[in-house]
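Structure data follow from work.csv (CSV, C-alpha atoms):
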```
chain,number,residue,atom,x,y,z
A,21,MET,CA,131.8,61.2,107.2
A,22,THR,CA,132.3,64.3,105.0
A,23,ALA,CA,130.5,65.1,101.8
A,24,VAL,CA,132.6,67.0,99.3
A,25,ALA,CA,131.0,68.4,96.1
A,26,GLY,CA,132.8,70.1,93.2
A,27,GLY,CA,131.9,71.4,89.8
A,28,SER,CA,132.7,74.1,87.3
A,29,ALA,CA,130.9,75.7,84.4
A,30,SER,CA,131.0,78.7,82.1
A,31,LYS,CA,130.4,79.7,78.5
A,32,LYS,CA,132.9,81.9,76.8
A,33,GLU,CA,131.9,84.4,74.2
A,34,GLY,CA,131.3,82.7,70.9
A,35,GLU,CA,131.0,79.2,72.3
A,36,ALA,CA,128.1,76.9,71.6
A,37,ASP,CA,125.3,76.4,74.1
A,38,ALA,CA,126.5,72.9,75.0
A,39,GLU,CA,127.8,72.7,78.5
A,40,PRO,CA,131.2,71.2,79.3
A,41,GLN,CA,131.1,67.8,80.8
A,42,SER,CA,132.6,69.1,84.0
A,43,SER,CA,129.6,71.4,84.5
A,44,VAL,CA,127.9,68.5,86.2
A,45,VAL,CA,128.2,68.8,90.0
A,46,LYS,CA,129.9,65.7,91.4
A,47,THR,CA,129.5,64.6,95.0
A,48,PHE,CA,132.0,62.5,96.9
A,49,VAL,CA,131.9,61.0,100.4
A,50,ARG,CA,135.0,60.6,102.5
A,51,LEU,CA,134.9,58.2,105.4
A,52,ARG,CA,137.0,59.2,108.5
A,53,PRO,CA,138.5,56.6,110.8
A,54,PRO,CA,136.4,56.0,114.0
A,55,SER,CA,137.4,57.8,117.1
A,56,GLN,CA,137.5,54.5,118.9
A,57,GLU,CA,138.3,51.0,117.7
A,58,SER,CA,135.2,49.0,117.1
A,59,GLU,CA,134.4,45.6,115.6
A,60,ILE,CA,131.0,46.9,114.5
A,61,ASP,CA,130.8,47.7,110.7
A,62,LEU,CA,128.7,50.9,110.2
A,63,PHE,CA,129.5,51.1,106.4
A,64,GLU,CA,129.7,48.7,103.6
A,65,LEU,CA,131.3,49.6,100.2
A,66,SER,CA,130.2,47.9,97.0
A,67,SER,CA,132.9,45.9,95.2
A,68,THR,CA,131.1,46.2,91.9
A,69,ARG,CA,129.8,49.8,92.2
A,70,PRO,CA,132.6,52.1,93.5
A,71,GLY,CA,130.2,55.0,94.2
A,72,VAL,CA,127.8,53.1,96.4
A,73,ILE,CA,127.9,53.0,100.2
A,74,THR,CA,125.5,51.2,102.5
A,75,ILE,CA,124.8,52.6,106.0
A,76,LYS,CA,124.2,50.0,108.6
A,77,ASP,CA,122.3,50.1,111.9
A,78,PRO,CA,124.1,47.7,114.2
A,79,LEU,CA,121.0,47.3,116.3
A,80,SER,CA,118.7,46.3,113.5
A,81,SER,CA,120.4,43.0,112.5
A,82,GLY,CA,120.5,44.1,108.9
A,83,ARG,CA,116.8,45.1,108.7
A,84,CYS,CA,117.5,48.9,108.5
A,85,GLU,CA,120.2,49.3,105.8
A,86,HIS,CA,120.2,52.1,103.3
A,87,SER,CA,122.4,52.4,100.2
A,88,TYR,CA,123.4,55.7,98.6
A,89,GLU,CA,125.2,56.3,95.3
A,90,PHE,CA,127.7,59.2,94.9
A,91,SER,CA,130.3,60.1,92.2
A,92,GLY,CA,132.8,58.4,94.4
A,93,VAL,CA,133.5,57.1,97.9
A,94,PHE,CA,136.9,57.6,99.6
A,95,PRO,CA,137.6,54.8,102.2
A,96,VAL,CA,139.3,55.6,105.5
A,97,ASP,CA,142.7,54.6,104.2
A,98,TYR,CA,142.7,57.2,101.3
A,99,ASP,CA,145.3,59.8,101.9
A,100,GLN,CA,145.1,63.5,101.0
A,101,GLU,CA,146.7,63.1,97.6
A,102,ARG,CA,144.2,60.5,96.4
A,103,VAL,CA,141.3,62.7,97.5
A,104,PHE,CA,142.5,65.9,95.8
A,105,ALA,CA,142.8,64.7,92.2
A,106,PRO,CA,139.3,63.5,91.4
A,107,ILE,CA,137.7,66.4,93.4
A,108,ALA,CA,139.6,69.5,92.5
A,109,GLY,CA,142.3,68.8,90.0
A,110,HIS,CA,140.2,69.4,86.9
A,111,ILE,CA,138.5,72.4,88.6
A,112,VAL,CA,141.8,74.2,88.9
A,113,ASN,CA,142.7,73.4,85.3
A,114,GLU,CA,139.4,74.8,84.1
A,115,ALA,CA,139.6,77.8,86.3
A,116,LEU,CA,142.9,78.7,84.6
A,117,ALA,CA,141.0,78.4,81.3
A,118,GLY,CA,138.5,81.0,82.5
A,119,GLN,CA,135.8,78.8,83.9
A,120,SER,CA,134.3,79.3,87.4
A,121,GLY,CA,134.5,76.5,89.9
A,122,CYS,CA,133.6,75.6,93.4
A,123,VAL,CA,134.5,72.9,96.0
A,124,LEU,CA,132.2,72.6,99.0
A,125,ALA,CA,132.7,70.4,102.1
A,126,TYR,CA,129.6,69.5,104.1
A,127,GLY,CA,129.3,67.5,107.3
A,128,GLN,CA,128.6,67.6,111.0
A,129,THR,CA,131.1,68.9,113.5
A,130,GLY,CA,134.1,66.5,113.7
A,131,SER,CA,133.4,64.8,110.4
A,132,GLY,CA,136.6,66.0,108.8
A,133,LYS,CA,135.7,69.0,106.8
A,134,THR,CA,138.6,71.2,107.9
A,135,TYR,CA,141.1,68.3,107.6
A,136,SER,CA,139.9,67.6,104.0
A,137,ILE,CA,140.0,71.2,102.9
A,138,PHE,CA,143.0,72.6,104.8
A,139,GLY,CA,144.8,69.5,106.0
A,140,GLU,CA,147.6,69.7,108.5
A,141,GLY,CA,151.1,71.2,108.0
A,142,SER,CA,152.9,71.5,104.7
A,143,GLY,CA,153.7,67.8,104.2
A,144,PRO,CA,151.6,64.9,102.9
A,145,ARG,CA,148.7,65.7,105.1
A,146,ARG,CA,148.0,69.1,103.5
A,147,GLY,CA,144.5,69.4,102.2
A,148,ILE,CA,142.6,70.3,99.0
A,149,LEU,CA,143.2,74.1,99.3
A,150,PRO,CA,147.0,74.1,99.5
A,151,ARG,CA,147.2,71.4,96.9
A,152,ALA,CA,145.0,73.4,94.6
A,153,VAL,CA,147.2,76.4,95.0
A,154,GLU,CA,150.3,74.3,94.3
A,155,HIS,CA,148.6,72.8,91.2
A,156,MET,CA,147.7,76.2,89.8
A,157,PHE,CA,151.2,77.6,90.0
A,158,ALA,CA,152.8,74.4,88.8
A,159,GLN,CA,151.0,74.7,85.5
A,160,GLY,CA,153.5,77.3,84.5
A,161,ARG,CA,150.9,79.5,82.8
A,162,ALA,CA,151.4,83.2,82.6
A,163,VAL,CA,149.9,84.9,85.6
A,164,GLY,CA,151.3,88.3,85.1
A,165,ASP,CA,152.0,89.9,88.5
A,166,GLY,CA,150.2,87.1,90.2
A,167,VAL,CA,146.7,86.5,91.3
A,168,VAL,CA,144.4,88.3,93.7
A,169,VAL,CA,143.1,86.4,96.7
A,170,SER,CA,140.0,87.1,98.9
A,171,PHE,CA,139.1,85.1,101.9
A,172,LEU,CA,135.6,85.3,103.3
A,173,GLU,CA,133.8,83.3,106.0
A,174,VAL,CA,130.0,83.2,106.4
A,175,TYR,CA,129.0,82.1,110.0
A,176,LEU,CA,125.6,82.6,111.6
A,177,ASP,CA,124.5,84.9,108.8
A,178,GLN,CA,127.5,87.1,109.4
A,179,VAL,CA,130.2,87.6,106.7
A,180,TYR,CA,133.8,87.9,108.0
A,181,ASP,CA,136.6,89.2,105.9
A,182,LEU,CA,139.5,87.0,106.8
A,183,GLY,CA,141.7,88.6,104.1
A,184,ARG,CA,142.1,91.8,106.1
A,185,ASP,CA,144.7,92.3,108.7
A,186,ASP,CA,141.8,92.9,111.1
A,187,SER,CA,140.1,89.5,111.0
A,188,ALA,CA,137.3,90.8,113.2
A,189,THR,CA,135.8,92.7,110.2
A,190,SER,CA,132.2,91.3,109.9
A,191,SER,CA,129.3,92.0,107.6
A,192,THR,CA,129.4,95.7,108.5
A,193,GLY,CA,131.0,97.4,105.6
A,194,LEU,CA,130.7,94.3,103.3
A,195,ALA,CA,127.5,95.6,101.6
A,196,ALA,CA,126.0,93.7,98.7
A,197,GLU,CA,126.9,95.3,95.4
A,198,SER,CA,123.8,94.2,93.5
A,199,ALA,CA,120.2,94.7,94.0
A,200,THR,CA,119.6,91.0,94.6
A,201,GLY,CA,122.3,90.9,97.3
A,202,ASP,CA,124.2,88.0,95.6
A,203,ALA,CA,127.5,89.8,95.6
A,204,ILE,CA,129.8,91.1,98.4
A,205,GLY,CA,131.9,94.1,97.8
A,206,SER,CA,134.7,95.9,99.7
A,207,CYS,CA,136.4,92.7,100.7
A,208,GLY,CA,140.1,92.6,101.3
A,209,ARG,CA,142.3,91.5,98.5
A,210,ARG,CA,145.9,90.2,98.6
A,211,ARG,CA,148.1,89.8,95.6
A,212,ALA,CA,150.0,86.5,95.4
A,213,SER,CA,152.8,85.7,93.0
A,214,HIS,CA,153.4,82.1,94.2
A,215,GLY,CA,151.9,79.4,96.2
A,216,GLU,CA,153.5,80.4,99.5
A,217,ASP,CA,151.7,83.8,99.3
A,218,MET,CA,148.4,82.2,98.9
A,219,GLY,CA,149.2,79.7,101.6
A,220,GLU,CA,149.9,82.5,104.0
A,221,SER,CA,146.6,84.2,103.2
A,222,ALA,CA,144.7,81.0,103.8
A,223,ALA,CA,146.6,80.2,107.0
A,224,GLY,CA,146.0,83.7,108.3
A,225,GLY,CA,142.2,83.4,107.8
A,226,ARG,CA,141.7,80.0,109.5
```
Step by step, read the file and then write its structure as C-alpha cells.
Amino acid sequence: MTAVAGGSASKKEGEADAEPQSSVVKTFVRLRPPSQESEIDLFELSSTRPGVITIKDPLSSGRCEHSYEFSGVFPVDYDQERVFAPIAGHIVNEALAGQSGCVLAYGQTGSGKTYSIFGEGSGPRRGILPRAVEHMFAQGRAVGDGVVVSFLEVYLDQVYDLGRDDSATSSTGLAAESATGDAIGSCGRRRASHGEDMGESAAGGR
C-alpha cells in the first residue's frame, strides 16, 4: 500500500489573500496486488464513502479493525492512467499558471512507490512523472526555449545530484544557499524542449 499526497499553492502579486481550493493537500492510498494469492481479505473499501478503507487483522476475527479516511483510495485494479489524473493533473495545470506544486509518494519498501511515480516502460504502465511531463507539453502553452530540469535525491541525509553526468555527486558542493539551509544550490540543470528530453533526464537519474 502506497500513500501519495499532492497539493499546490501560491499567491501572485495583487491577488487576494484567499487561498486557491487546490492549496489543500490531498492524500490518496493506492493498493497493490498481493505478492501471493490469498483468500484472506486484509482491506475493505466502503461502498458509500469512496475515501474510506478498513484495515483488517485476519487473526482477530473482526475485533481489531481500523478505518481511515483519505481523499481517495485506488483499488488494485486501477491502472496508471486512472491514478494520474486525480493526483497530478491539476497540479501540472497550476504549475503552468505559476503556482508551486508537489507530489510525494510514501510507503515501505516494495509498496509500489517507484512503480506509481516512474512506472515501467513508455506504454500504458508509465507512471505519474512521465505522464505529468507529457501533460505539460501537451497543453501547447508557450515555453520559450523549453524548461530547465533538476533532479535531486535525498538518501540517508545525503543529497545526490542526479541531473549531472556524474551521478555520484553527493551533498559535497551542494551547499545551502540560505541561512536557514532550506535551499540547495549548484545543482545540475538540463534544458528540455519536449517530453522526451525530460524523460531522458528522469530515466538517467533513476
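Reported to one decimal place, the separation of CA of Gly143 in chain A from CA of Val93 in chain A is 23.7 Å.
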Need the shell around Arg209 in chain A: protein/DNA/RNA residues with any atom at most 7 Å away, counting all atoms listed in the file. Skip same-chain ones fewer than 4 positions apart. Format as a compact mmCIF listing (two decimals) with C-alpha atoms, in the coordinates of the input?
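What follows is the written file part11.txt:
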```txt
# COMPACT_ATOMS: atom_id res chain seq x y z
CA VAL A 168 144.40 88.30 93.70
CA VAL A 169 143.10 86.40 96.70
CA SER A 170 140.00 87.10 98.90
CA GLY A 183 141.70 88.60 104.10
```
Self-check item: Two-atom distance - CA of Leu51 in chain A, CA of Pro95 in chain A (Å)
Solution: 5.4 Å
Practice problem: Might you pull out every residue within 6 Å of Gly147 in chain A, with only C-alpha atoms counted and same-chain residues fewer than 5 positions away left off, and present them as JSON, numbers by chain? | Solution: {"A": [136, 137, 138, 139]}
Quiz prompt | Å distance separating CA of Glu140 in chain A from CA of Asp177 in chain A, one decimal place | solution = 27.7 Å
Exercise. Could you give me, as a PyMOL selection string, the residues that sit within 6 Å of (125.9, 46.4, 112.1) in the file's coordinates, counting all atoms listed in the file?
Key: chain A and resi 60-62+76-78
Include C-alpha atoms and write out the residues we just selected as a PDB file, in the frame of the given file.
```
ATOM      1  CA  ILE A  60     131.000  46.900 114.500  1.00  0.00           C
ATOM      2  CA  ASP A  61     130.800  47.700 110.700  1.00  0.00           C
ATOM      3  CA  LEU A  62     128.700  50.900 110.200  1.00  0.00           C
ATOM      4  CA  LYS A  76     124.200  50.000 108.600  1.00  0.00           C
ATOM      5  CA  ASP A  77     122.300  50.100 111.900  1.00  0.00           C
ATOM      6  CA  PRO A  78     124.100  47.700 114.200  1.00  0.00           C
TER       7      PRO A  78
END
```
Quiz item: Quick one: of A:Gln100, A:Ile73, A:Ile107, A:Tyr88, who's nearest to Lys46 in chain A, counting all atoms listed in the file?
Solution: A:Ile107
